[in-house]
Structures are given as structure tokens and as C-alpha cells.
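In what follows, a single structure is set out as C-alpha cells and then discussed.
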Amino acid sequence: MPSKRIDLTFPPRQATKAITYHLVKDFDLVPNILRAQIQPEQEGRMLVELTGSKEAFEAGIAFLESEGVAVREAASDICLDEELCVTCGLCTAVCRPGALSLAETDATLVFDKDKCVYCEACVVACPRRAVVLRF
Amino acid sequence: MAKSWEEINARIASGEAVVMTAEEFGGLAAGEGVTEAARAVDVVTTGTFGPMCSSGAFLNFGHSDPPIKMGEITLNDVPASGGLAAVDTFIGATEPSKSRGIEYGGAHVIEDLLRGRAVRLRAIGPGTDCYPRTEIDTWVTLEDLNQAYLFNPRNAYQNYAVAVNSGDRALYTYLGTLLPHFANATYCSAGALSPLLNDPAYRAIGVGTRCFVAGAPGYVVWEGTQHNPNQERDANGVPVGPAGTLAVIADLKQASAEFFSAATFTAYGVSTFVGIGVPIPVLDEDLAATLALTDADITATVFDYGVARRSRPALARVTYAELRSGSIVVDGREVPVGPISSLPKARAIAEELKRWIAERRFTLAPPLQRLPLPGTQGVNPLEIRTEEAI
């Protein structure tokens, strides 16, 4: 069964709806939530991996969009361009899962891809635009 | 024990000078004591590599035939000043591109020049008897330019703020992305390696000081803009927040993109990382005592950037050792923290200066004029008022 990573943005008042419940119950999709930040009355973000048939996936996406959720394909890979990176360390300040950190010994940048949830906070934060997404 | 500038320069010239980075000197002093470290070491090198918006370059293009008096000037579509002589300009680091906005700015133009890339120069002029041409569209490289020198009105900040955000939404600032509800903190100083934190009373660093600027040998030419010697200081005389600054100059043709790196802060603007390093002579034990300070001895103040006013609330005081650990405590909360000023680059600059001195390529220059000292000037605010109110 194919899987796809998608990035969902919920408008402020939509964030309380049981969206994932409907994806499972009505569309037979298996959601694996990689990251979610949802608070009442605020815009929400959810990074989710959906597993299911192509038809179920398409129907599920149509349902999400009809509910006002913005759907975007999430990156399949994220890389650090070492030519551009100046090891300032600013990306480590926004990396909540701790995938980006500075080595204790020499303060060089360490990227532990296994911890990365593709939230893309580092992509936005990097002043050198050295974090590159691949789709 | 006291050493003169002349004695130290003589030791550099004879190849006998003992030179250490500020980190190495701190380690030596911790082991052997400040007196012994001051006796053993002649020069301590410093370094910093953080974003400094107040940076830019003066360029002279030479004259075309027929010549033009350049008014509106762009370099790779980034506006540069037309307010100088016919073919002189100043390109400021933070100027955004007319077509690409803040993703490409003056700093990127300078970095492209440093990388040897050709840059598109377009200008229009009024057309005068001596400068009849009214427009020009051509390409230039760093090599072609008659003069190209960095002139950075404010670099090498002596300490800076630690930023947090108490608000409900993420803030996009010159200190990076500040997550809401104190979810992160950022800071921007080389700490124990920072030039002016090693000479807090501006004894060795002043107008005329030779230094490392973006990979080139350069000079401190004036106090930097917003130089504030009156910032609150700790028991060692070290400022606990943004204080002194330096205006520096250096030949762009001798500089390197390795130490001048353009930056874009999302939803804020263009800036540039600039590498600055200053060698400091170990003149006496007093100066050695501040050169020996480590990240555990130097503190910075945490400010709430969630309050968008000139004076932001100060929430805590933390040491650079705590900041380097990756988390600090603010109001009882543990807050993850990340730097903006590159420690590996700061170390590389201090090492490079050591090499320059060891190879006798670089001697020290005593200040021709001191920087404004504590107790003199502060920083004036800008009041919004009418002409009549003055």
C-alpha cells in the first residue's frame, strides 16, 4: 500500500474537528501523525503520512480540502548544502525534535535525519538558505 | 609586569612572539594563573562571525566612453547609492533586490563579487556636458573595479541580547525565528572569543587598530554606530548587553567569501555575516584578566521580543557557558537556545590571525584615538516631534 507525506494547514476554527477520525473511518486511510501543532482559535499545522489506495488517498484529500484544510505535498528528503552553511547554528534553535544540533566538542552542525519530522522550520530559519527540500 | 606595544611588535618581528587565541589564553590562565599567563603570552587573538546589518562596500567603476554621471544605480537589480561622484557608489548589505526582494540583496552582490562572479551594472544619468551618456547596461567583476572596499559602520558588537518571545505567534526577527510562549531563545555573540568582550575598557582597540575584516587585513576607523559604552557592566567591567561597536574598513579585493556571507532573515530582511578578528597585546595583568575571562564568566541579558517597543523587558541574566549548553532557564522555564554567531568561524578567524602574526605578516598598531569610554556618550533615542517642538 503506497504512503505519502502531506502537510496540512487548518484554518483557526477548523482545528477542533476530528479530521483524522474521518480519514480512517470514511476513507480507509492509515494516518501516521509526524508532527502536529493545533490550538483552539489558532491556525494549526499537521504533518501526516497517509497510507492507503490511490483512490482512497484522492478521496481523502478532496474531503480535507472541502473542509477548508490546505493540503500540500511534504518534502520527501531534506538536505544540508554544506557549501552554503556557515555553521551559525540558528537552525538548532527552531528544531523542536532535536534533529539539528551542535556538536559539544567543536560546535559543528550535526543533522540526525532519523529525528527529522520534515516540519521545515529550519528551511525558513536558515539565513543562508542552506537547508534544501527535495520532493 | 608590563609590556609595551614596541616590545611586542619587536617580538613579532623576530619570530619570538607567543600568540594564543582568547580561548587558549583562558585555559592557560585557569591552569597557571593570570600573572603567569600574562608573562608567558604576548598577543591574544579574537574572532567573531555574526550577522551585522550595518555593512557595505564603496566601489568605483571607472569611466565608460562617453562617460556617464550615474544617478539611479543597480547591481544585479539591487539599488546602490547614486549620491556620490559620477562612477562611485556605496552598496549597503541590507538593500533588497527590486525583483527578488529580500532573497537577494546588497550583501549577496558583495558575496558574488568576492566569489569572482560577474555582476550586472545598470545606471541612468541626467546627461551633462561633461557626462553626456544617459544610460548604461554592462557587467563588472571585482577585478575590474578601481577601488572596492568594505566600509562597515557597525560591526563586532560588544555583547548582545538573548531573545525570547512571550507572545502567541512566532516572530521573524533579526535574531531569527522566535517561537511563541518561550519555546526557544537565540543569541548572537562569540562570547569569550568576541573582540570587544576581551578589551571591555577599550584600552587596546581604538581608531587605527589593525584587524581582520572578512579575511582581509583592515582597520578600525571609528567607533561603530550606536556605540554605547554606558551599558550596564558586571564586576569585571564587562557589559551585560549590547555596548561598544566598531566601524571597520578593508580592501574587498583581499577579502574572502569564506568570511563574508550574505544572509536572509525570513520576513525581516537581508543582512550579512562578517568575520572580524582583533589581536590584543597582553600589555599588563589588568588586560590579561579580561583576556582570561571564559564563557562561564561573561553574561548576556534575556529580552522579551514579544514586546515590540524600543525598551523590551529584561527577563534574566545568563552566562555564555549556559547559552552554549543548548538550554537556559527563564522565569523557571527551561528554554532551548541556539546561536546565530558561528563559533567554528570565530575560532577559524582567531586561528588565522595567529597564523598571520606567526608568519610576521601582521604587526599591532596602538590606537591613534581611543573609542568613547564608559561615562561619556550614550545612545540617543529618536523622538517623533514637530519642527516647532524643537
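Just remember, in the C-alpha cells the first chain shown is A, the second B, etc., residues are 1-based per chain, and ligands are 1-based in the order shown.
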Shell of 8 Å around region 259-276 of chain B, only C-alpha atoms, local chain residues under 5 positions omitted, as a VMD selection string:
(chain A and resid 86 124 to 129) or (chain B and resid 47 to 53 55 93 to 96 102 to 108 111 155 to 156 172 to 174 176 195 211 to 215 345 to 346 349)
Taking only C-alpha atoms into account, which residues of chain A are within 9 Å of chain B, as number ranges by chain?
A: 84, 86-94, 96, 101-102, 104, 106-108, 121, 124-129
Rounded to one decimal place, report the CA of Val34 (chain B)-CA of Ala2 (chain B) distance in Å.
13.0 Å
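By chain and then residue number, the residues within 7 Å of region 58-60 of chain B are Val87, Asp88, Thr89, Phe90, Ile91, Leu145, Asn146, Gln147, Ala148, Tyr149, Leu150 and Phe151 of chain B, counting only C-alpha atoms and disregarding those fewer than 3 positions away in sequence.
You can rank B:Leu193, B:Gly82, B:Leu113, B:Gly125 by their closest distance to Ala348 (chain B) using only C-alpha atoms, and at the top of that list sits B:Leu193.
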Find the spatial neighbours of region 66-73 of chain A, counting only C-alpha atoms, within a cut-off of 10 Å - ignore same-chain residues fewer than 4 positions away - and output them as an MDAnalysis selection string.
chainID A and resid 4:11 13:15 17 19 44:47 60:62 135
Go ahead and save the picked residues with C-alpha atoms, as a CSV table (one decimal), in the first residue's frame.
```csv
chain,number,residue,atom,x,y,z
A,4,LYS,CA,2.5,9.8,1.1
A,5,ARG,CA,3.6,12.6,3.4
A,6,ILE,CA,1.3,15.6,3.4
A,7,ASP,CA,1.4,18.9,5.2
A,8,LEU,CA,-1.9,20.2,6.4
A,9,THR,CA,-2.8,23.7,7.5
A,10,PHE,CA,-6.0,24.2,9.4
A,11,PRO,CA,-7.8,27.5,9.4
A,13,ARG,CA,-11.9,27.4,13.5
A,14,GLN,CA,-11.4,24.1,11.8
A,15,ALA,CA,-8.7,22.9,14.2
A,17,LYS,CA,-12.8,18.9,14.0
A,19,ILE,CA,-10.3,15.2,10.8
A,44,GLY,CA,-3.0,24.6,13.0
A,45,ARG,CA,-0.3,22.5,11.2
A,46,MET,CA,-0.1,18.8,10.9
A,47,LEU,CA,2.4,16.7,9.1
A,60,GLY,CA,-9.4,11.8,1.5
A,61,ILE,CA,-7.6,14.8,0.1
A,62,ALA,CA,-10.8,16.0,-1.6
A,135,PHE,CA,10.1,16.5,-3.4
```
List every residue of region 6-124 of chain A that DSSP, applied to the backbone of this structure, places in strand (DSSP E), and write the result as a PyMOL selection string.
chain A and resi 6-10+30-37+44-51+70-73+77-80+100-102+109-111
With only C-alpha atoms as the counted atoms, please give the residues lying no more than 12 Å from Val278 (chain B), apart from itself and same-chain residues fewer than 5 positions off, as a VMD selection string.
chain B and resid 21 to 22 43 to 48 155 to 156 193 to 199 204 to 206 208 to 220 246 248 346 349 to 354 356 to 357 362 to 366
In Å to one decimal, how far is CA of Leu100 (chain A) from CA of Lys113 (chain A)?
8.3 Å
Write out as a PyMOL selection string all residues of chain A that DSSP puts in alpha helix (DSSP H) for this structure's backbone.
chain A and resi 19-27+54-66+90-94+121-125
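With CA of Asn152 (chain B) on one side and CA of Arg361 (chain B) on the other, the separation reads 23.5 Å.
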Would you mind listing what lies within 8 Å of Val18 (chain B) as a JSON list (two decimals) with C-alpha atoms, in the first residue's frame, with only C-alpha atoms counted and same-chain residues fewer than 6 positions away left out?
```json
[["chain", "number", "residue", "atom", "x", "y", "z"],
["B", 40, "ALA", "CA", 54.14, 33.95, 29.01],
["B", 41, "VAL", "CA", 51.90, 35.33, 26.25],
["B", 42, "ASP", "CA", 52.41, 38.42, 24.07],
["B", 43, "VAL", "CA", 49.30, 38.55, 21.92]]
```
Thr245 (chain B): which residues within 8 Å, counting only C-alpha atoms, same-chain residues fewer than 5 positions away excluded, as a VMD selection string?
chain B and resid 154 to 158 196 223 to 228
May I have the selected residues written with all heavy atoms, as a JSON list (two decimals), in the first residue's frame?
```json
[["chain", "number", "residue", "atom", "x", "y", "z"],
["B", 154, "ARG", "N", 28.96, 49.53, 11.48],
["B", 154, "ARG", "CA", 28.77, 48.92, 12.81],
["B", 154, "ARG", "C", 29.01, 47.42, 12.75],
["B", 154, "ARG", "O", 28.19, 46.69, 12.21],
["B", 154, "ARG", "CB", 27.37, 49.19, 13.36],
["B", 154, "ARG", "CG", 27.25, 48.73, 14.82],
["B", 154, "ARG", "CD", 25.81, 48.74, 15.34],
["B", 154, "ARG", "NE", 25.02, 49.78, 14.74],
["B", 154, "ARG", "CZ", 23.71, 49.68, 14.52],
["B", 154, "ARG", "NH1", 23.04, 48.64, 14.92],
["B", 154, "ARG", "NH2", 23.07, 50.67, 13.93],
["B", 155, "ASN", "N", 30.13, 46.99, 13.27],
["B", 155, "ASN", "CA", 30.46, 45.56, 13.34],
["B", 155, "ASN", "C", 30.92, 45.23, 14.76],
["B", 155, "ASN", "O", 31.11, 46.11, 15.59],
["B", 155, "ASN", "CB", 31.59, 45.22, 12.36],
["B", 155, "ASN", "CG", 31.10, 45.02, 10.91],
["B", 155, "ASN", "OD1", 31.90, 44.70, 10.03],
["B", 155, "ASN", "ND2", 29.82, 45.21, 10.65],
["B", 156, "ALA", "N", 31.12, 43.95, 14.99],
["B", 156, "ALA", "CA", 31.78, 43.45, 16.21],
["B", 156, "ALA", "C", 31.12, 43.94, 17.50],
["B", 156, "ALA", "O", 31.78, 44.40, 18.41],
["B", 156, "ALA", "CB", 33.26, 43.86, 16.20],
["B", 157, "TYR", "N", 29.81, 43.81, 17.57],
["B", 157, "TYR", "CA", 29.08, 44.26, 18.75],
["B", 157, "TYR", "C", 29.67, 43.64, 20.02],
["B", 157, "TYR", "O", 29.91, 42.45, 20.08],
["B", 157, "TYR", "CB", 27.60, 43.88, 18.66],
["B", 157, "TYR", "CG", 26.66, 45.06, 18.80],
["B", 157, "TYR", "CD1", 25.75, 45.36, 17.80],
["B", 157, "TYR", "CD2", 26.69, 45.85, 19.94],
["B", 157, "TYR", "CE1", 24.89, 46.45, 17.93],
["B", 157, "TYR", "CE2", 25.84, 46.94, 20.06],
["B", 157, "TYR", "CZ", 24.95, 47.24, 19.07],
["B", 157, "TYR", "OH", 24.10, 48.30, 19.20],
["B", 158, "GLN", "N", 29.90, 44.53, 20.99],
["B", 158, "GLN", "CA", 30.40, 44.08, 22.29],
["B", 158, "GLN", "C", 29.21, 43.54, 23.08],
["B", 158, "GLN", "O", 28.51, 44.29, 23.73],
["B", 158, "GLN", "CB", 31.03, 45.25, 23.03],
["B", 158, "GLN", "CG", 31.73, 44.91, 24.32],
["B", 158, "GLN", "CD", 32.29, 46.16, 24.97],
["B", 158, "GLN", "OE1", 31.76, 47.26, 24.80],
["B", 158, "GLN", "NE2", 33.38, 46.02, 25.71],
["B", 196, "LEU", "N", 35.61, 42.83, 21.43],
["B", 196, "LEU", "CA", 35.43, 43.87, 22.44],
["B", 196, "LEU", "C", 35.10, 43.32, 23.83],
["B", 196, "LEU", "O", 35.25, 44.04, 24.82],
["B", 196, "LEU", "CB", 34.35, 44.87, 22.00],
["B", 196, "LEU", "CG", 34.77, 45.85, 20.89],
["B", 196, "LEU", "CD1", 33.56, 46.63, 20.38],
["B", 196, "LEU", "CD2", 35.86, 46.81, 21.36],
["B", 223, "GLU", "N", 34.53, 54.71, 16.06],
["B", 223, "GLU", "CA", 33.56, 53.98, 16.86],
["B", 223, "GLU", "C", 32.46, 53.54, 15.91],
["B", 223, "GLU", "O", 32.17, 54.23, 14.93],
["B", 223, "GLU", "CB", 32.99, 54.89, 17.95],
["B", 223, "GLU", "CG", 32.22, 56.05, 17.33],
["B", 223, "GLU", "CD", 31.72, 57.08, 18.33],
["B", 223, "GLU", "OE1", 32.49, 58.01, 18.64],
["B", 223, "GLU", "OE2", 30.58, 56.94, 18.78],
["B", 224, "GLY", "N", 31.83, 52.41, 16.18],
["B", 224, "GLY", "CA", 30.72, 51.99, 15.34],
["B", 224, "GLY", "C", 29.48, 52.79, 15.69],
["B", 224, "GLY", "O", 29.41, 53.43, 16.74],
["B", 225, "THR", "N", 28.49, 52.77, 14.79],
["B", 225, "THR", "CA", 27.24, 53.46, 15.09],
["B", 225, "THR", "C", 26.58, 52.78, 16.30],
["B", 225, "THR", "O", 26.75, 51.58, 16.53],
["B", 225, "THR", "CB", 26.28, 53.44, 13.88],
["B", 225, "THR", "OG1", 26.13, 52.09, 13.44],
["B", 225, "THR", "CG2", 26.84, 54.27, 12.72],
["B", 226, "GLN", "N", 25.85, 53.58, 17.06],
["B", 226, "GLN", "CA", 25.19, 53.12, 18.29],
["B", 226, "GLN", "C", 26.17, 52.56, 19.33],
["B", 226, "GLN", "O", 25.78, 51.80, 20.21],
["B", 226, "GLN", "CB", 24.06, 52.12, 18.00],
["B", 226, "GLN", "CG", 22.90, 52.80, 17.29],
["B", 226, "GLN", "CD", 21.75, 51.87, 16.95],
["B", 226, "GLN", "OE1", 21.52, 50.87, 17.60],
["B", 226, "GLN", "NE2", 21.02, 52.21, 15.91],
["B", 227, "HIS", "N", 27.45, 52.94, 19.22],
["B", 227, "HIS", "CA", 28.45, 52.58, 20.24],
["B", 227, "HIS", "C", 27.94, 53.11, 21.58],
["B", 227, "HIS", "O", 27.68, 54.30, 21.73],
["B", 227, "HIS", "CB", 29.78, 53.26, 19.87],
["B", 227, "HIS", "CG", 30.87, 53.10, 20.89],
["B", 227, "HIS", "ND1", 31.58, 51.94, 21.03],
["B", 227, "HIS", "CD2", 31.36, 53.96, 21.82],
["B", 227, "HIS", "CE1", 32.50, 52.09, 22.00],
["B", 227, "HIS", "NE2", 32.37, 53.30, 22.49],
["B", 228, "ASN", "N", 27.76, 52.20, 22.52],
["B", 228, "ASN", "CA", 27.19, 52.60, 23.81],
["B", 228, "ASN", "C", 28.05, 52.12, 24.98],
["B", 228, "ASN", "O", 27.77, 51.07, 25.57],
["B", 228, "ASN", "CB", 25.76, 52.07, 23.94],
["B", 228, "ASN", "CG", 25.12, 52.45, 25.27],
["B", 228, "ASN", "OD1", 25.61, 53.36, 25.95],
["B", 228, "ASN", "ND2", 24.08, 51.76, 25.65]]
```
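Using only C-alpha atoms for every distance, the candidate list A:Glu58, A:Glu83, A:Asp28, A:Asp77 yields A:Asp77 as the residue closest to Tyr118 (chain A).
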